[in-house]
>>> print(open('input18.cif').read())   # mmCIF, C-alpha atoms (C1' of nucleotides)
data_entry
loop_
_atom_site.label_atom_id
_atom_site.label_comp_id
_atom_site.auth_asym_id
_atom_site.auth_seq_id
_atom_site.Cartn_x
_atom_site.Cartn_y
_atom_site.Cartn_z
CA MET A 660 116.53 91.31 57.92
CA ASP A 661 117.36 90.19 61.38
CA GLY A 662 118.29 92.20 64.41
CA PHE A 663 116.64 95.22 65.95
CA VAL A 664 116.30 98.13 63.53
CA ALA A 665 114.65 101.57 63.58
CA THR A 666 113.16 103.57 66.43
CA PHE A 667 109.63 103.65 67.81
CA THR A 668 107.99 105.84 70.42
CA ASN A 669 105.23 104.29 72.48
CA ARG A 670 103.16 105.48 75.40
CA LEU A 671 102.94 104.04 78.88
CA ASP A 672 99.45 103.55 80.23
CA GLY A 673 98.27 104.04 83.78
CA LYS A 674 99.59 100.65 84.79
CA GLY A 675 103.06 101.36 83.48
CA ARG A 676 102.68 99.13 80.45
CA VAL A 677 104.29 99.82 77.06
CA SER A 678 103.89 98.04 73.79
CA VAL A 679 107.11 96.54 72.54
CA PRO A 680 107.30 97.49 68.85
CA ALA A 681 105.96 94.64 66.77
CA PRO A 682 109.13 94.30 64.66
CA PHE A 683 111.18 93.89 67.84
CA ARG A 684 108.79 91.26 69.10
CA ALA A 685 109.20 89.46 65.82
CA VAL A 686 112.97 89.39 66.24
CA MET A 687 112.72 87.93 69.72
CA ALA A 688 110.11 85.43 68.62
CA ARG A 689 112.53 84.25 65.94
CA GLU A 690 115.17 83.76 68.61
CA GLY A 691 112.66 81.62 70.41
CA HIS A 692 112.45 83.52 73.63
CA GLU A 693 109.64 84.36 75.98
CA GLY A 694 110.09 87.72 77.61
CA VAL A 695 112.50 90.58 77.15
CA TYR A 696 115.88 90.39 78.80
CA CYS A 697 116.66 93.87 80.19
CA TYR A 698 119.17 95.74 82.34
CA PRO A 699 120.13 99.37 82.96
CA ALA A 700 122.66 100.62 80.44
CA LEU A 701 125.99 101.15 82.08
CA ASP A 702 126.86 104.68 81.08
CA GLN A 703 123.60 105.98 79.75
CA PRO A 704 120.20 106.84 81.18
CA ALA A 705 118.64 104.05 79.18
CA ILE A 706 117.60 100.42 79.39
CA ASP A 707 119.27 97.75 77.29
CA GLY A 708 116.94 95.05 76.07
CA GLY A 709 117.05 92.00 73.89
CA GLY A 710 116.29 88.34 73.62
CA GLN A 711 118.01 85.03 73.90
CA LYS A 712 121.14 86.14 72.12
CA LEU A 713 121.74 89.06 74.43
CA GLN A 714 121.35 86.98 77.54
CA GLN A 715 123.64 84.34 76.13
CA ALA A 716 126.29 86.87 75.24
CA ILE A 717 126.32 88.17 78.79
CA GLY A 718 126.51 84.70 80.23
CA GLU A 719 129.48 83.94 78.04
CA ARG A 720 131.34 86.97 79.23
CA LEU A 721 130.90 85.80 82.79
CA SER A 722 131.93 82.26 82.04
CA VAL A 723 135.44 83.50 81.48
CA PHE A 724 135.90 83.71 85.23
CA GLU A 725 136.28 80.92 87.73
CA THR A 726 132.93 80.11 89.30
CA PHE A 727 133.68 81.01 92.90
CA SER A 728 136.21 83.74 92.28
CA GLU A 729 135.65 87.21 93.62
CA GLU A 730 135.62 88.44 90.06
CA HIS A 731 132.78 86.13 89.14
CA GLU A 732 130.85 86.98 92.29
CA ILE A 733 130.92 90.69 91.82
CA LEU A 734 130.25 90.64 88.11
CA SER A 735 127.32 88.30 88.45
CA THR A 736 125.89 90.62 91.09
CA ALA A 737 126.07 93.48 88.65
CA PHE A 738 124.86 91.53 85.62
CA TYR A 739 122.19 89.20 86.92
CA GLY A 740 121.23 91.25 89.94
CA GLU A 741 120.30 94.25 87.84
CA SER A 742 118.73 92.29 85.02
CA ARG A 743 115.11 91.46 84.59
CA VAL A 744 113.22 89.20 82.29
CA LEU A 745 110.09 91.15 81.44
CA LYS A 746 107.14 89.09 80.41
CA ILE A 747 105.34 90.07 77.23
CA ASP A 748 101.58 89.93 77.63
CA GLY A 749 99.11 88.77 75.02
CA ASP A 750 99.03 92.21 73.47
CA GLY A 751 102.78 92.59 73.17
CA ARG A 752 103.28 94.82 76.17
CA ILE A 753 105.75 94.82 79.04
CA VAL A 754 105.69 96.53 82.40
CA LEU A 755 108.77 98.62 83.11
CA PRO A 756 109.86 98.17 86.74
CA ASP A 757 110.28 101.31 88.78
CA GLU A 758 114.08 100.98 88.97
CA PHE A 759 114.25 101.00 85.19
CA ARG A 760 111.91 103.93 84.84
CA GLU A 761 113.97 105.88 87.33
CA HIS A 762 117.27 105.00 85.70
CA ALA A 763 116.01 106.18 82.33
CA GLY A 764 113.79 108.98 83.61
CA ILE A 765 110.82 107.49 81.80
CA SER A 766 107.38 108.70 82.84
CA ASP A 767 104.69 108.53 80.20
CA SER A 768 106.36 107.54 76.98
CA ALA A 769 109.39 105.60 75.83
CA VAL A 770 111.55 105.38 72.73
CA PHE A 771 112.68 101.98 71.50
CA VAL A 772 115.94 102.23 69.58
CA GLY A 773 117.16 99.33 67.51
CA GLN A 774 120.85 98.55 67.78
CA GLY A 775 121.23 95.32 65.89
CA TYR A 776 121.80 92.56 68.42
CA LYS A 777 119.99 94.56 71.13
CA PHE A 778 117.85 97.63 71.54
CA GLN A 779 117.59 100.48 74.03
CA ILE A 780 114.68 102.15 75.77
CA TRP A 781 114.94 105.91 76.34
CA GLU A 782 112.96 108.78 77.68
CA PRO A 783 112.10 110.78 74.53
CA GLY A 784 113.68 114.06 75.61
CA GLN A 785 116.93 112.51 76.69
CA PHE A 786 117.09 110.43 73.56
CA ALA A 787 116.68 113.49 71.37
CA GLU A 788 119.51 115.19 73.22
CA ARG A 789 121.71 112.16 72.96
CA GLN A 790 120.99 111.87 69.27
CA ARG A 791 122.01 115.49 68.72
CA GLN A 792 125.30 114.75 70.38
CA ALA A 793 125.75 111.58 68.39
CA ARG A 794 125.16 113.41 65.12
CA ALA A 795 127.60 116.12 66.04
CA HIS A 796 130.16 113.52 66.96
CA LEU A 797 129.57 111.55 63.79
CA ARG A 798 129.92 114.71 61.75
CA SER A 799 133.28 115.54 63.25
CA VAL A 800 134.51 112.00 62.86
CA THR A 801 133.27 111.86 59.30
CA ARG A 802 135.06 115.06 58.43
CA SER A 803 138.27 113.88 59.91
CA LEU A 804 137.99 110.66 57.96
CA SER A 805 136.90 112.57 54.90
CA SER A 806 135.79 110.09 52.26
CA LYS A 807 136.29 106.96 54.30
CA ASN A 808 132.74 106.85 55.53
CA PRO A 809 131.27 103.57 56.75
CA ALA A 810 127.49 103.55 56.34
CA GLY A 811 126.59 106.07 58.99
CA GLY A 812 125.26 104.13 61.96
CA ASP A 813 121.88 105.60 62.65
CA ALA A 814 118.71 105.51 60.62
CA MET B 675 118.64 77.76 80.94
CA ASP B 676 117.79 80.97 82.70
CA GLY B 677 118.86 80.80 86.30
CA PHE B 678 118.33 83.29 89.09
CA VAL B 679 117.83 86.79 87.71
CA ALA B 680 116.85 90.15 89.24
CA THR B 681 116.69 91.29 92.84
CA PHE B 682 113.78 91.29 95.28
CA THR B 683 113.42 92.76 98.74
CA ASN B 684 111.12 90.89 101.11
CA ARG B 685 110.22 91.36 104.74
CA LEU B 686 110.71 88.98 107.63
CA ASP B 687 107.68 88.47 109.82
CA GLY B 688 107.59 88.01 113.57
CA LYS B 689 108.49 84.37 113.23
CA GLY B 690 111.56 85.04 111.15
CA ARG B 691 109.97 83.87 107.93
CA VAL B 692 110.71 85.36 104.50
CA SER B 693 109.09 84.68 101.18
CA VAL B 694 111.49 83.31 98.62
CA PRO B 695 110.75 85.29 95.44
CA ALA B 696 108.39 83.31 93.27
CA PRO B 697 110.68 83.36 90.19
CA PHE B 698 113.48 81.86 92.29
CA ARG B 699 111.17 79.17 93.56
CA ALA B 700 110.30 78.43 89.97
CA VAL B 701 113.95 77.99 89.06
CA MET B 702 114.52 75.55 91.89
CA ALA B 703 111.37 73.67 91.04
CA ARG B 704 112.62 73.33 87.49
CA GLU B 705 115.88 71.94 88.79
CA GLY B 706 113.80 69.41 90.67
CA HIS B 707 114.86 70.45 94.11
CA GLU B 708 113.03 70.47 97.40
CA GLY B 709 114.21 73.12 99.81
CA VAL B 710 116.83 75.81 99.45
CA TYR B 711 120.47 74.84 99.70
CA CYS B 712 122.19 77.58 101.73
CA TYR B 713 125.47 78.48 103.38
CA PRO B 714 127.20 81.66 104.56
CA ALA B 715 129.12 83.31 101.74
CA LEU B 716 132.84 83.00 102.33
CA ASP B 717 134.00 86.52 101.71
CA GLN B 718 130.80 88.49 102.09
CA PRO B 719 128.23 89.24 104.77
CA ALA B 720 125.62 87.35 102.80
CA ILE B 721 124.02 83.95 102.40
CA ASP B 722 124.48 81.92 99.25
CA GLY B 723 121.44 79.99 98.20
CA GLY B 724 120.30 77.84 95.34
CA GLY B 725 119.19 74.44 94.21
CA GLN B 726 120.60 71.48 92.38
CA LYS B 727 123.02 73.47 90.26
CA LEU B 728 124.60 75.12 93.26
CA GLN B 729 125.15 71.85 95.07
CA GLN B 730 126.67 70.44 91.95
CA ALA B 731 128.99 73.41 91.53
CA ILE B 732 130.20 73.04 95.07
CA GLY B 733 130.73 69.35 94.64
CA GLU B 734 132.85 69.97 91.58
CA ARG B 735 134.77 72.62 93.37
CA LEU B 736 135.64 70.21 96.14
CA SER B 737 136.37 67.35 93.80
CA VAL B 738 139.43 69.17 92.62
CA PHE B 739 141.09 67.93 95.77
CA GLU B 740 141.99 64.40 96.56
CA THR B 741 139.13 62.83 98.48
CA PHE B 742 141.00 62.15 101.69
CA SER B 743 143.45 64.98 101.46
CA GLU B 744 143.69 67.52 104.19
CA GLU B 745 142.43 70.23 101.87
CA HIS B 746 139.39 68.22 101.06
CA GLU B 747 138.66 67.61 104.71
CA ILE B 748 139.00 71.24 105.63
CA LEU B 749 137.04 72.56 102.72
CA SER B 750 134.25 70.06 102.90
CA THR B 751 133.91 70.67 106.61
CA ALA B 752 133.73 74.38 106.01
CA PHE B 753 131.22 74.09 103.22
CA TYR B 754 128.98 71.29 104.31
CA GLY B 755 129.22 71.96 108.00
CA GLU B 756 127.77 75.39 107.57
CA SER B 757 125.30 74.41 104.92
CA ARG B 758 121.60 73.97 105.50
CA VAL B 759 118.71 72.86 103.39
CA LEU B 760 115.91 75.22 104.28
CA LYS B 761 112.43 73.90 103.88
CA ILE B 762 109.99 75.95 101.86
CA ASP B 763 106.54 76.07 103.42
CA GLY B 764 103.26 75.97 101.57
CA ASP B 765 103.33 79.71 101.02
CA GLY B 766 106.85 79.80 99.60
CA ARG B 767 108.59 80.98 102.75
CA ILE B 768 111.74 79.88 104.56
CA VAL B 769 113.02 80.51 108.07
CA LEU B 770 116.52 81.91 108.21
CA PRO B 771 118.53 80.27 111.01
CA ASP B 772 120.08 82.64 113.53
CA GLU B 773 123.64 81.91 112.36
CA PHE B 774 122.70 83.05 108.89
CA ARG B 775 120.92 86.15 110.09
CA GLU B 776 123.91 87.09 112.18
CA HIS B 777 126.39 86.44 109.42
CA ALA B 778 124.45 88.68 107.06
CA GLY B 779 123.23 91.17 109.66
CA ILE B 780 119.65 90.60 108.61
CA SER B 781 116.93 91.78 110.95
CA ASP B 782 113.60 92.68 109.41
CA SER B 783 114.06 92.55 105.68
CA ALA B 784 116.22 90.73 103.18
CA VAL B 785 117.34 91.24 99.61
CA PHE B 786 117.42 88.28 97.25
CA VAL B 787 119.96 88.82 94.48
CA GLY B 788 120.02 86.60 91.42
CA GLN B 789 123.46 85.47 90.26
CA GLY B 790 122.62 82.97 87.59
CA TYR B 791 123.30 79.52 88.98
CA LYS B 792 122.77 80.76 92.55
CA PHE B 793 121.45 83.72 94.47
CA GLN B 794 122.47 85.65 97.56
CA ILE B 795 120.54 86.97 100.54
CA TRP B 796 121.67 90.34 101.92
CA GLU B 797 120.74 92.89 104.49
CA PRO B 798 119.39 95.78 102.39
CA GLY B 799 121.84 98.41 103.58
CA GLN B 800 124.89 96.27 103.07
CA PHE B 801 123.64 95.18 99.71
CA ALA B 802 123.30 98.76 98.55
CA GLU B 803 126.99 99.22 99.25
CA ARG B 804 127.89 95.97 97.56
CA GLN B 805 125.88 96.96 94.53
CA ARG B 806 127.78 100.21 94.22
CA GLN B 807 131.01 98.27 94.20
CA ALA B 808 129.68 95.84 91.66
CA ARG B 809 128.59 98.58 89.30
CA ALA B 810 131.89 100.37 89.54
CA HIS B 811 133.75 97.16 88.95
CA LEU B 812 131.61 96.21 86.00
CA ARG B 813 132.19 99.60 84.46
CA SER B 814 135.93 99.28 84.68
CA VAL B 815 135.92 95.75 83.34
CA THR B 816 133.60 96.65 80.49
CA ARG B 817 135.80 99.53 79.47
CA SER B 818 138.85 97.37 79.34
CA LEU B 819 137.00 94.83 77.20
CA SER B 820 135.10 97.39 75.21
CA SER B 821 136.66 96.49 71.88
CA LYS B 822 135.29 92.97 72.17
CA ASN B 823 131.69 93.36 71.22
CA PRO B 824 129.35 90.95 72.95
CA ALA B 825 126.99 88.99 70.71
CA GLY B 826 129.23 89.68 67.77
CA GLY B 827 127.79 92.46 65.65
CA ASP B 828 124.33 91.41 64.65
CA ALA B 829 121.92 88.66 65.39
"C1'" DT C 456 92.09 106.18 40.58
"C1'" DG C 457 89.51 106.28 44.48
"C1'" DG C 458 86.98 104.32 48.09
"C1'" DA C 459 85.74 100.68 51.10
"C1'" DC C 460 87.17 96.61 53.48
"C1'" DT C 461 90.55 94.23 56.33
"C1'" DA C 462 94.57 93.16 58.99
"C1'" DT C 463 97.84 94.76 62.18
"C1'" DC C 464 99.08 97.36 65.91
"C1'" DA C 465 98.94 100.59 69.86
"C1'" DT C 466 96.23 101.72 73.77
"C1'" DG C 467 92.75 101.71 77.54
"C1'" DG C 468 90.08 99.38 81.20
"C1'" DG C 469 87.80 95.51 83.86
"C1'" DA C 470 88.29 91.05 85.89
"C1'" DT C 471 90.96 87.48 87.93
"C1'" DG C 472 94.55 84.85 89.89
"C1'" DG C 473 99.12 84.86 92.08
"C1'" DT C 474 102.17 86.61 95.54
"C1'" DA C 475 103.77 88.68 99.73
"C1'" DT C 476 102.57 89.20 104.28
"C1'" DG C 477 100.31 88.66 108.75
"C1'" DG C 478 98.28 85.74 112.06
"C1'" DG C 479 96.27 81.35 114.25
"C1'" DT C 480 96.53 76.46 115.70
"C1'" DG C 481 98.19 71.89 116.43
"C1'" DT C 482 102.24 68.82 117.25
"C1'" DC C 483 106.51 67.16 118.72
"C1'" DC C 484 110.28 67.20 121.81
"C1'" DA C 485 113.41 68.97 125.30
"C1'" DT D 332 105.04 73.26 129.63
"C1'" DG D 333 107.17 76.16 126.64
"C1'" DG D 334 109.26 76.81 122.33
"C1'" DA D 335 110.30 75.60 117.69
"C1'" DC D 336 108.15 74.14 113.72
"C1'" DA D 337 104.73 72.66 110.19
"C1'" DC D 338 100.41 73.58 108.36
"C1'" DC D 339 96.32 76.38 107.50
"C1'" DC D 340 93.65 80.52 106.62
"C1'" DA D 341 92.81 85.63 105.59
"C1'" DT D 342 93.88 89.82 103.11
"C1'" DA D 343 95.75 93.55 100.30
"C1'" DC D 344 98.07 94.43 96.35
"C1'" DC D 345 99.82 93.80 91.92
"C1'" DA D 346 100.68 91.25 87.61
"C1'" DT D 347 98.48 89.06 84.09
"C1'" DC D 348 94.71 87.92 81.11
"C1'" DC D 349 90.94 89.15 78.31
"C1'" DC D 350 88.10 92.21 75.71
"C1'" DA D 351 87.03 96.76 73.52
"C1'" DT D 352 88.38 100.86 70.94
"C1'" DG D 353 91.02 103.73 67.59
"C1'" DA D 354 94.34 104.51 64.33
"C1'" DT D 355 97.04 103.24 60.31
"C1'" DA D 356 98.47 100.90 56.34
"C1'" DG D 357 97.76 97.76 52.84
"C1'" DT D 358 94.68 95.39 49.56
"C1'" DC D 359 91.06 94.59 46.51
"C1'" DC D 360 87.61 95.87 43.42
"C1'" DA D 361 84.52 98.91 40.97
#
>>> encode(input="input18.cif", output="structure tokens")
Amino acid sequence: MDGFVATFTNRLDGKGRVSVPAPFRAVMAREGHEGVYCYPALDQPAIDGGGQKLQQAIGERLSVFETFSEEHEILSTAFYGESRVLKIDGDGRIVLPDEFREHAGISDSAVFVGQGYKFQIWEPGQFAERQRQARAHLRSVTRSLSSKNPAGGDA
Amino acid sequence: MDGFVATFTNRLDGKGRVSVPAPFRAVMAREGHEGVYCYPALDQPAIDGGGQKLQQAIGERLSVFETFSEEHEILSTAFYGESRVLKIDGDGRIVLPDEFREHAGISDSAVFVGQGYKFQIWEPGQFAERQRQARAHLRSVTRSLSSKNPAGGDA
DNA sequence: TGGACTATCATGGGATGGTATGGGTGTCCA
DNA sequence: TGGACACCCATACCATCCCATGATAGTCCA
């Protein structure tokens, strides 16, 4: 299997460190990347994270625009300016910067949610709520599609 | 590979010195560049800065025009005339020339914003506004592209 | 089958080095 | 001679590194 799969809940210690789930570290190690590429999720109180592939994908989206165009300028401000490359220490932990913790409302524990090519980091309570909504939504969609069910997204 | 990423806010001391964020210095060192190549951003109250890659990008931009054409003259004068190579002292600091500080409205602290191949230096208040714009813009662009999944499905 | 041993992983804390920041001094030139 | 500038030193804080502890799962052997 490749890609980020399953969810893990880990605690932050007094220094603001969290262990990145070992399976996720393995995925990033396979991509050959030091550090976790992260940025605040656009429409959710969560942090998007990933490795080489994620960073590359974002770079490619920007490369569509002319280098000095206003479009490129403003998008690179949003993408790169809000991104961070978090270093993984010898024990597999990262330090979540304050901006990220505020954006996600994370205080003393964090949920790592695999999403294939990337993963997300949530505050446990908000993730539970979001998951309830997602299930409800999936249920209604599934009903409306009746038998045409693609392997229901979440694990 | 990975260029300038993340944002940092640093203070100017009484002599007008600011620390260039260590990760940015590392990027320029990797590019094999002494000093910071800088010029006032064309359409924004900010300073563009970077290393080898930025100089190269500007060179390519100018090379579009015939060497002795009027456009080339005007553009190269505008770019190079306002450019500076700021020396980095032993502690990783630069001195922002008055023209730059005026252009960006910088007084006692400055925000360094990574933009991949270059970075920008802003006055904190003005940057906050710019960042709002950038986020809003990114959101609208992302929505319109939302069917195109970055990093194609899985990794 | 059950129990002990082991490997992996999450977590906590101390120690250390890097980084940002402030200040001092010497030098060169207008 | 004064000011801009380069170079040097001091310090507080924070990130990183290293080691110790606990918990869990998996394995091996009696």
>>> resolve_selection(input="input18.cif", expression="the PyMOL selection byres ((chain A) within 10 of (chain D))", output="MDAnalysis selection string")
chainID A and resid 674 746:750 754
>>> interface_residues(input="input18.cif", of="chain A", to="chain B", cutoff="6 Å", atoms="only C-alpha atoms", output="JSON, numbers by chain")
{"A": [662, 716, 733, 735, 736, 737, 739, 740, 741, 742, 743, 775, 776]}
>>> write_last_selection(input="input18.cif", atoms="C-alpha atoms", output="CSV table (one decimal), in the coordinates of the input")
chain,number,residue,atom,x,y,z
A,662,GLY,CA,118.3,92.2,64.4
A,716,ALA,CA,126.3,86.9,75.2
A,733,ILE,CA,130.9,90.7,91.8
A,735,SER,CA,127.3,88.3,88.4
A,736,THR,CA,125.9,90.6,91.1
A,737,ALA,CA,126.1,93.5,88.6
A,739,TYR,CA,122.2,89.2,86.9
A,740,GLY,CA,121.2,91.2,89.9
A,741,GLU,CA,120.3,94.2,87.8
A,742,SER,CA,118.7,92.3,85.0
A,743,ARG,CA,115.1,91.5,84.6
A,775,GLY,CA,121.2,95.3,65.9
A,776,TYR,CA,121.8,92.6,68.4
>>> calpha_fit_rmsd(input="input18.cif", fixed="chain B", moving="chain A")
3.4 Å
>>> atom_distance(input="input18.cif", atom1="CA of Arg817 (chain B)", atom2="CA of Glu730 (chain A)")
15.3 Å
>>> interface_residues(input="input18.cif", of="chain A", to="chain C", cutoff="8 Å", atoms="only C-alpha atoms (C1' of nucleotides)", output="ChimeraX atom specification")
/A:669,672,678,681
>>> atom_distance(input="input18.cif", atom1="CA of Ser743 (chain B)", atom2="CA of Ala715 (chain B)")
23.3 Å
>>> closest_residue(input="input18.cif", among="B:Gly799, B:Arg704, B:Gly766, B:Gly725", to="Asp782 (chain B)", atoms="only C-alpha atoms")
B:Gly799
>>> atom_distance(input="input18.cif", atom1="CA of Ser737 (chain B)", atom2="CA of Ser722 (chain A)")
19.5 Å
>>> residues_around(input="input18.cif", residues="Arg760 (chain A)", least_positions_apart="5", cutoff="10 Å", atoms="all atoms listed in the file", output="list in words")
Gly675, Pro699, Pro704, Ala705, Ile706, Val754, Leu755, Ile765, Ser766, Asp767, Ala769, Ile780, Trp781 and Glu782 of chain A
>>> write_last_selection(input="input18.cif", atoms="C-alpha atoms", output="short mmCIF file (atom, residue, chain, number, x, y, z; two decimals), keeping the file's coordinate frame")
data_model
loop_
_atom_site.label_atom_id
_atom_site.label_comp_id
_atom_site.auth_asym_id
_atom_site.auth_seq_id
_atom_site.Cartn_x
_atom_site.Cartn_y
_atom_site.Cartn_z
CA GLY A 675 103.06 101.36 83.48
CA PRO A 699 120.13 99.37 82.96
CA PRO A 704 120.20 106.84 81.18
CA ALA A 705 118.64 104.05 79.18
CA ILE A 706 117.60 100.42 79.39
CA VAL A 754 105.69 96.53 82.40
CA LEU A 755 108.77 98.62 83.11
CA ILE A 765 110.82 107.49 81.80
CA SER A 766 107.38 108.70 82.84
CA ASP A 767 104.69 108.53 80.20
CA ALA A 769 109.39 105.60 75.83
CA ILE A 780 114.68 102.15 75.77
CA TRP A 781 114.94 105.91 76.34
CA GLU A 782 112.96 108.78 77.68
#
>>> resolve_selection(input="input18.cif", expression="the PyMOL selection byres ((chain A and resi 709) around 8)", output="PyMOL selection string")
chain A and resi 687+695-697+707-708+710-714+776-778
>>> write_last_selection(input="input18.cif", atoms="C-alpha atoms", output="PDB file, in the frame of the given file")
ATOM      1  CA  MET A 687     112.720  87.930  69.720  1.00  0.00           C
ATOM      2  CA  VAL A 695     112.500  90.580  77.150  1.00  0.00           C
ATOM      3  CA  TYR A 696     115.880  90.390  78.800  1.00  0.00           C
ATOM      4  CA  CYS A 697     116.660  93.870  80.190  1.00  0.00           C
ATOM      5  CA  ASP A 707     119.270  97.750  77.290  1.00  0.00           C
ATOM      6  CA  GLY A 708     116.940  95.050  76.070  1.00  0.00           C
ATOM      7  CA  GLY A 710     116.290  88.340  73.620  1.00  0.00           C
ATOM      8  CA  GLN A 711     118.010  85.030  73.900  1.00  0.00           C
ATOM      9  CA  LYS A 712     121.140  86.140  72.120  1.00  0.00           C
ATOM     10  CA  LEU A 713     121.740  89.060  74.430  1.00  0.00           C
ATOM     11  CA  GLN A 714     121.350  86.980  77.540  1.00  0.00           C
ATOM     12  CA  TYR A 776     121.800  92.560  68.420  1.00  0.00           C
ATOM     13  CA  LYS A 777     119.990  94.560  71.130  1.00  0.00           C
ATOM     14  CA  PHE A 778     117.850  97.630  71.540  1.00  0.00           C
TER      15      PHE A 778
END
